[in-house]
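S.K.: For reference, the structure I am asking about is given below.
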Amino acid sequence: MSNEGNVMESLNRLIEFVEPGPQNLIVMTGKGSKLRTVFNPPLEYNMSSVGYEMCLIRLETYFSFPNIAESNNAVKISISGKWYDIKIPTGCYDIGSINTVLQKQLLTLTGEKKKEQHVTLTANKNTLSCVLEIKDEKTVVDFNIDNSLRTVLGFDAKKYSKVGTYESENIVNILSVNSILVHCDIIEGSRVNGELAPVIYNFFPDVSPGEKIVAEPQHLIYIPLTMDIIPSMTSWVTDQTGADIDLRGEELTLTFHVRKKKH
């Protein structure tokens, strides 16, 4: 190749690096923790020379994922020799609200005309434990059952009887979700616990259960795309263990930005 040809090729490469190139704002919305969108026409990028990258710029949903579900909502309580099966409805609870539901269910099941508190649950915020108080000799609390509430409250798998106060043997695990990870199937280069994973962002909401979550990263981190032509894209949210977040049918909206890599 002549010197003139080399110069022209170098200029073309320089122009390709300097020119901004196509950018895309991608908005995905739908119900549930997994979203898929099909691009018509497909997105096309020149990955051979410069490459493209993407970041998450906004996530919107509601703090609806439960800490009590069918897998951890049960306790059996015996009052005056009769056993009652208590199941806390799926939802977001603290220990105080679990106790409130417990009292209402016991009142309904026993048919008592006044609010007799045979057993109560309270939180010890100093030790991060749960305190079980049994208030009469004829009450027994059984956590040794399937789908037991003990996994949340920190108690051992056994029966508790006799009047007294019992502090949970383990720390309360009232919220199993420690971090929310946003995944996307068209990126590469991220790792979770050393393993490759298509994670583009992680966070934990700074709002209370039931409130609107709006997550906007203060520092945008762009992750490389994996393909030149993108016909479709799937994104999903999980907890820190990789388990899908149960949004209980709430709307999830994700907004991404695609740009040419900066050199």
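We label chains A, B, ... in the order they appear in the structure tokens, count residues from 1 in each chain, and number ligands from 1 in the order shown.
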May I have a table of the residues of range 23-94 of chain A lying at most 9 Å from range 165-176 of chain A, giving each one's closest pair of atoms and their distance in Å to one decimal, counting only C-alpha atoms, ordered by chain and ascending residue number, as CSV?

M.R.:
residue,atom,partner,partner_atom,distance
A:Pro66,CA,A:Leu175,CA,8.5
A:Asn67,CA,A:Leu175,CA,5.6
A:Ile68,CA,A:Ile174,CA,8.5
A:Cys92,CA,A:Leu175,CA,8.8
A:Tyr93,CA,A:Ile174,CA,7.8
A:Asp94,CA,A:Ile174,CA,6.8

S.K.: Taking the chain letters and numbering used in this document, name the residues of range 149-221 of chain A that DSSP puts in helix (DSSP H, G or I), as a list of chain:residue names.

M.R.: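 Helix (DSSP H, G or I) members of range 149-221 of chain A, listed: A:Arg150, A:Thr151, A:Val152, A:Leu153.
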
S.K.: Write the selection just made, keeping N, CA and C atoms, as a CSV table (one decimal), in the first residue's frame?

M.R.:
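In the end it all went to selection.csv:
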chain,number,residue,atom,x,y,z
A,150,ARG,N,-40.0,-19.4,61.7
A,150,ARG,CA,-38.8,-19.3,62.5
A,150,ARG,C,-37.6,-18.8,61.7
A,151,THR,N,-37.6,-19.2,60.4
A,151,THR,CA,-36.5,-18.8,59.5
A,151,THR,C,-36.4,-17.3,59.4
A,152,VAL,N,-37.5,-16.6,59.6
A,152,VAL,CA,-37.5,-15.1,59.6
A,152,VAL,C,-37.2,-14.6,61.0
A,153,LEU,N,-37.8,-15.2,62.0
A,153,LEU,CA,-37.7,-14.6,63.4
A,153,LEU,C,-36.4,-15.1,64.1

S.K.: Between CA of Ser64 in chain A and CA of Val214 in chain A, what distance in Å does the model show, to one decimal?

M.R.: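 It comes out at 13.2 Å.
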
S.K.: Calculate how many Å separate CA of Thr226 in chain A from CA of Met47 in chain A, rounding to one decimal.

M.R.: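 Separation of CA of Thr226 in chain A and CA of Met47 in chain A: 8.6 Å.
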
S.K.: I need the residue nearest Ile79 in chain A from this list: A:Gly154, A:Gly111, A:Gly242, A:Gly210. Use only C-alpha atoms for the distance.

M.R.: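 The shortest atom-to-atom distance to Ile79 in chain A comes from A:Gly111.
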
S.K.: For Tyr84 in chain A, work out the shell of residues within 10 Å, counting only C-alpha atoms and skipping chain neighbours fewer than 6 positions away, then give it as a PyMOL selection string.

M.R.: chain A and resi 75-78+105-106+109-110+141

S.K.: Kindly assemble as a Markdown table a list of the range 162-186 of chain A residues that lie within 12 Å of range 28-35 of chain A, each paired with its nearest atom pair and their distance in Å to one decimal, using only C-alpha atoms, sorted first by chain and then by ascending residue number.

M.R.:
| residue | atom | partner | partner_atom | distance |
| --- | --- | --- | --- | --- |
| A:Ile180 | CA | A:Ser33 | CA | 11.0 |
| A:Leu181 | CA | A:Ser33 | CA | 10.9 |
| A:Val182 | CA | A:Ser33 | CA | 9.6 |
| A:His183 | CA | A:Lys34 | CA | 9.3 |
| A:Cys184 | CA | A:Leu35 | CA | 9.6 |
| A:Asp185 | CA | A:Leu35 | CA | 10.9 |

S.K.: So, counting only C-alpha atoms, which residue among A:Leu128, A:Val163, A:Val177, A:Val192 is closest to Asp244 in chain A?

M.R.: A:Val177

S.K.: Out of A:Asp239, A:Ile57, A:Glu44, A:Asn147, which residue has the shortest atom-to-atom distance to Gln218 in chain A when counting only C-alpha atoms?

M.R.: A:Ile57

S.K.: For Gly51 in chain A, which residue out of A:Ile200, A:Ile187, A:Val101, A:Ile26 is the nearest one, using only C-alpha atoms?

M.R.: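 Using only C-alpha atoms, the shortest distance to Gly51 in chain A belongs to A:Ile187.
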
S.K.: Just list as a VMD selection string whatever in range 44-103 of chain A DSSP marks as strand (DSSP E or B).

M.R.: chain A and resid 44 52 to 62 68 74 to 79 82 to 87 91

S.K.: What gap, in Å, lies between CA of Tyr52 in chain A and CA of Pro224 in chain A?

M.R.: 6.0 Å

S.K.: Could you give me, as a PDB file with N, CA and C atoms, in the first residue's frame, the residues within 7 Å of Lys158 in chain A, counting only C-alpha atoms and dropping anything in the same chain fewer than 4 positions from it?

M.R.:
ATOM      1  N   ASP A 142     -45.152 -23.756  68.419  1.00  0.00           N
ATOM      2  CA  ASP A 142     -44.376 -24.784  67.713  1.00  0.00           C
ATOM      3  C   ASP A 142     -43.797 -24.212  66.417  1.00  0.00           C
ATOM      4  N   PHE A 143     -42.465 -24.096  66.378  1.00  0.00           N
ATOM      5  CA  PHE A 143     -41.774 -23.649  65.158  1.00  0.00           C
ATOM      6  C   PHE A 143     -41.196 -24.824  64.375  1.00  0.00           C
ATOM      7  N   ASN A 144     -41.377 -26.041  64.876  1.00  0.00           N
ATOM      8  CA  ASN A 144     -40.811 -27.228  64.213  1.00  0.00           C
ATOM      9  C   ASN A 144     -41.804 -27.786  63.195  1.00  0.00           C
TER      10      ASN A 144
END
